[in-house]
Each structure stands twice: as structure tokens, then as C-alpha cells.
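Structure first, then comments.
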Amino acid sequence: MDKSIKTVILGTGSYIPQNIISGNEFLNSTFFENGNRLEKENSEIIHKFSEITEIIERRYACPEQLSNHIGAKAAEKAIENAGIDKETLDYIIFCHNFGDIPLNSNRSDILPSLASKVKQYLGIHNPDCVAYDLIFGCPGWVQGAIQADYYIKSGDAKRVIVIGAETLSRIIDPHDRDSMIFSDGAGAVIFEAEESTEQKGILAHKTETHAVNYGNLLTMGKGSHPDETSGNFYLKMNGRKLYEFAVVQVPQVIKKAIDKAGLSVEDINIVFVHQANGKMDTAIMKRLFKLYGKDIVPENLVPMTISWLGNSSVATVPTLLDLVLKEQVKGYKVKAGDVAVFASVGAGMHINAFVYRF
């Protein structure tokens, strides 16, 4: 077999904020729905929320930290892990949705791009290192990896770093119980071109956008408190409809990516899926296996960090990958030859997946 260019993972890094926010932090919150205050005790609301999502705690960035700061920290770790000269990076792709939001401001700053801010922070002088942002909902990092694959296989790039970072704690409505889902964090992965005769690296990918009927499942909207006068918009979602959409549509996109790679679900050793809702991810996996006529999902297939990290949007998948590769998720590790699926779903509504052989 002739050699060809493969897109392989060279290094990973993540930044997990130090501030641990447990459910008890919301005991004194005032929750509203459709303009009416929820009558249930907060302790009951919090307990029910944890049952549905499997989220027990989440992480918030320090007051002085912005998205570009924590993204840069994850990037530094990835560069160190890869053992490369930072000047050899051809692209910096920074995946986010809200830019830099200072504490208590609710105003987004994306000038210059967060990728440019990271390049400046890292002190990369090479003008051929192109830095840009990608806004694609929660699936942003997965889409950034797919773009890196295109650049590398076209011969346009040899090394691309894809960063996913978000500070969702700055854009959530304190009077919306759904806000307990969201958290802050950052992950970064360096992809490199490698000439090889082996079937390795990114084998196949698939992306879909379902905007016409589902584009309003995740939007920005007014605060839940009926007396809200700030004029701020907050992250809002139709949780029930989003769950139904994801459970039906995500497995089909994953299957298309697996089929495109010429593999079957039985060939998959590990699945890195967006950490949005624990029970939703479990349901997605069950539906995926049913598409292949199988009723049982193998144990230790899907590592999860949702219970202690919450949903940090674009940061969940690269953070999960970094933790698994460094054997920091109990019961999970990867070895050469293992096949992984990376998948996500989010605002747009976008769904994407890629298949990767280590």
C-alpha cells in the first residue's frame, strides 16, 4: 500500500477551573418558568435536576479569567505534551460561542479573535500561523478537528491546534434551572500530518445542520425573572425537545461516519461524546447500537465527566480526550490500534462525528 497523508493526534491539553460549584450553591436561587416562580423547594429541584442530567457539580472560571485565558492555558499544555516548537503551528482554530465575557458584564468581546489573542499570548511570531475563530455551537471543537483534517490532507498544513474553550457561567440566567447544566473549561488538541501506509488518524467524518425545524432549540433570550430590566440576553434551551432531537438524530450521524470509514459499531473501542446530559448520552448510545441490530452497549465504551465537570460546551470533548489519554478517567485508556468515535450535538442544530484510529 502506498503512503498517504494521515491526520493524527500529536498532543493534548486541558484546563479545568478550580472553582467547584455544587448543587448547594443553588439552594438560595429563585427559579422561574413562564413568568411564574417554581413552587417546589430548591432542594427538590436540584435533586431532580441531578437525577435527569447526572450532574452533581460543575466548574466556574476565576473572576479574572476570560475564555481566551483558559484556552491559552490548555494550548500551552498541548504544545508541551506534543514536544514541538510553537512556531511550527500552521493554524490556530479557537472554537467558542460567546467570546470573552468579563464577570458580571454579559457583554461579549471577540475583537480581535480569541485565536489571535492566544497567538499573542503564546508569543508565536510566525505570520504563516493563521489564527481564527469557529462558532458552531457545542459541536465546535469536533468541527474544528474536521477542518484541521481538510487542511492537513490538502497539504496546506502540517500542524494545527484546535482549541475549545467557554465560560458559560457568564452567560447563563440565574433564574433558569436549566442554567445548572452549564460550566466553564478548555481543551486543546494538536493534529499533525503523518505519511503512513497504515489506516490511522482521522478515517472519516460526517456533519449535518438541522436548522429549519430545530434551529430554535438553543437560542439567546430574555431572563426568566418577570421583573428583569437589564436588557441582557441569556442562554436558553428547550430541554425536552433537544433531548428528543438528539436521541433520534445523533446516532444516525454517528452511524454514517462509521459506515463511511468502512467499519461497524463492533469495531469501536471508545466513544468521546459531548458531555451535555448523562442520561441523554446513554440513550444515544443505546439507539446507535439498535441501528446495528444490537441490544447491549458494551461496558467501558463511553467515558463520562459530566457528573463533576458539567457541560462546558465546546470544551467537553477535547477535555475528555486529554483526561483519558492521561489515564485520569478511571477504567479508561487507549492503545495503538484502538478505534474511537468523536461526536457532538448543539445549537444550530448541528451534529457531527469523526472516526479515529490511534
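Chain labels A, B, ... are given in the sequence in which chains occur in the C-alpha cells; within each chain residues are numbered consecutively from 1, and ligands are likewise numbered from 1 in the order shown.
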
Write out as a tab-separated table (two decimals) with all heavy atoms, in the first residue's frame the residues lying within 9 Å of Met280 in chain A, counting only C-alpha atoms and excluding same-chain residues fewer than 6 positions away.
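Just written: out.tsv:
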```tsv
chain	number	residue	atom	x	y	z
A	52	ILE	N	-31.88	13.72	36.43
A	52	ILE	CA	-32.11	13.76	34.98
A	52	ILE	C	-30.81	13.89	34.19
A	52	ILE	O	-30.63	13.24	33.16
A	52	ILE	CB	-33.05	14.94	34.63
A	52	ILE	CG1	-34.45	14.67	35.22
A	52	ILE	CG2	-33.14	15.15	33.12
A	52	ILE	CD1	-35.38	15.86	35.11
A	53	THR	N	-29.89	14.73	34.68
A	53	THR	CA	-28.68	15.05	33.91
A	53	THR	C	-27.43	14.29	34.36
A	53	THR	O	-26.45	14.23	33.63
A	53	THR	CB	-28.35	16.55	34.01
A	53	THR	OG1	-28.04	16.87	35.38
A	53	THR	CG2	-29.53	17.39	33.55
A	243	TYR	N	-33.55	17.02	23.84
A	243	TYR	CA	-33.29	15.62	24.20
A	243	TYR	C	-33.87	14.68	23.13
A	243	TYR	O	-33.18	13.77	22.65
A	243	TYR	CB	-33.93	15.33	25.56
A	243	TYR	CG	-33.67	13.94	26.10
A	243	TYR	CD1	-32.68	13.71	27.05
A	243	TYR	CD2	-34.44	12.85	25.68
A	243	TYR	CE1	-32.45	12.44	27.56
A	243	TYR	CE2	-34.21	11.58	26.17
A	243	TYR	CZ	-33.23	11.38	27.12
A	243	TYR	OH	-33.00	10.11	27.61
A	244	GLU	N	-35.12	14.93	22.75
A	244	GLU	CA	-35.78	14.09	21.74
A	244	GLU	C	-35.04	14.14	20.40
A	244	GLU	O	-34.86	13.12	19.74
A	244	GLU	CB	-37.24	14.53	21.57
A	244	GLU	CG	-38.10	14.28	22.81
A	244	GLU	CD	-39.47	14.93	22.70
A	244	GLU	OE1	-39.72	15.64	21.68
A	244	GLU	OE2	-40.29	14.76	23.62
A	246	ALA	N	-31.82	14.94	19.86
A	246	ALA	CA	-30.50	14.33	19.94
A	246	ALA	C	-30.56	12.81	19.94
A	246	ALA	O	-29.77	12.14	19.26
A	246	ALA	CB	-29.78	14.82	21.19
A	247	VAL	N	-31.49	12.26	20.70
A	247	VAL	CA	-31.58	10.79	20.82
A	247	VAL	C	-31.92	10.15	19.47
A	247	VAL	O	-31.46	9.04	19.17
A	247	VAL	CB	-32.60	10.41	21.90
A	247	VAL	CG1	-32.92	8.92	21.86
A	247	VAL	CG2	-32.08	10.79	23.28
```

Quick one: everything within 6 Å of range 7-10 of chain A, counting only C-alpha atoms, minus sequence neighbours fewer than 6 positions away in the same chain. Send it as a ChimeraX atom specification. /A:82,149,190-193,201-202

Write out as a PDB file with N, CA and C atoms, in the first residue's frame each polymer residue whose atoms come within 6 Å of Gly310 in chain A, counting only C-alpha atoms; drop sequence neighbours fewer than 2 positions from it.
```
ATOM      1  N   ILE A  55     -25.550  15.415  36.615  1.00  0.00           N
ATOM      2  CA  ILE A  55     -24.597  16.449  37.013  1.00  0.00           C
ATOM      3  C   ILE A  55     -24.713  16.700  38.518  1.00  0.00           C
ATOM      4  N   ARG A  58     -20.171  21.327  38.952  1.00  0.00           N
ATOM      5  CA  ARG A  58     -19.626  21.890  37.727  1.00  0.00           C
ATOM      6  C   ARG A  58     -18.495  22.848  38.102  1.00  0.00           C
ATOM      7  N   ILE A 181     -26.890  23.244  34.275  1.00  0.00           N
ATOM      8  CA  ILE A 181     -26.190  22.320  33.380  1.00  0.00           C
ATOM      9  C   ILE A 181     -24.792  22.849  33.022  1.00  0.00           C
ATOM     10  N   PHE A 182     -24.680  24.161  32.869  1.00  0.00           N
ATOM     11  CA  PHE A 182     -23.530  24.735  32.180  1.00  0.00           C
ATOM     12  C   PHE A 182     -22.342  25.044  33.089  1.00  0.00           C
ATOM     13  N   SER A 183     -21.150  24.995  32.480  1.00  0.00           N
ATOM     14  CA  SER A 183     -19.909  25.196  33.231  1.00  0.00           C
ATOM     15  C   SER A 183     -18.853  25.818  32.334  1.00  0.00           C
ATOM     16  N   ILE A 306     -19.361  14.267  32.934  1.00  0.00           N
ATOM     17  CA  ILE A 306     -20.481  15.180  33.151  1.00  0.00           C
ATOM     18  C   ILE A 306     -20.805  15.371  34.627  1.00  0.00           C
ATOM     19  N   TRP A 308     -18.978  15.605  37.279  1.00  0.00           N
ATOM     20  CA  TRP A 308     -18.144  16.518  38.062  1.00  0.00           C
ATOM     21  C   TRP A 308     -17.632  17.743  37.300  1.00  0.00           C
TER      22      TRP A 308
END
```

Who sits within 6 Å of Phe342 in chain A, only C-alpha atoms, same chain under 4 positions skipped, as a VMD selection string: chain A and resid 272 to 273 353 to 354

Top pick for closest residue to Gln328 in chain A, considering A:Ala315, A:Ser14, A:Tyr151, A:Val142 and counting only C-alpha atoms: A:Ser14

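These are the residues of range 34-80 of chain A assigned strand (DSSP E or B) by DSSP from backbone coordinates: Asn36, Arg37, Glu57, Arg58, Arg59 and Tyr60 of chain A.
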
Running DSSP on the backbone, which parts of range 53-178 of chain A land in alpha helix (DSSP H), as a ChimeraX atom specification? /A:53,67-82,114-122,140-154

Near range 21-38 of chain A, 6 Å: range 133-244 of chain A residue rows, closest pairs, only C-alpha atoms, as JSON lines:
```
{"residue": "A:His175", "atom": "CA", "partner": "A:Phe31", "partner_atom": "CA", "distance": 4.4}
{"residue": "A:Asp176", "atom": "CA", "partner": "A:Phe31", "partner_atom": "CA", "distance": 5.6}
{"residue": "A:Ser224", "atom": "CA", "partner": "A:Phe32", "partner_atom": "CA", "distance": 5.6}
{"residue": "A:Pro226", "atom": "CA", "partner": "A:Gly35", "partner_atom": "CA", "distance": 5.3}
```
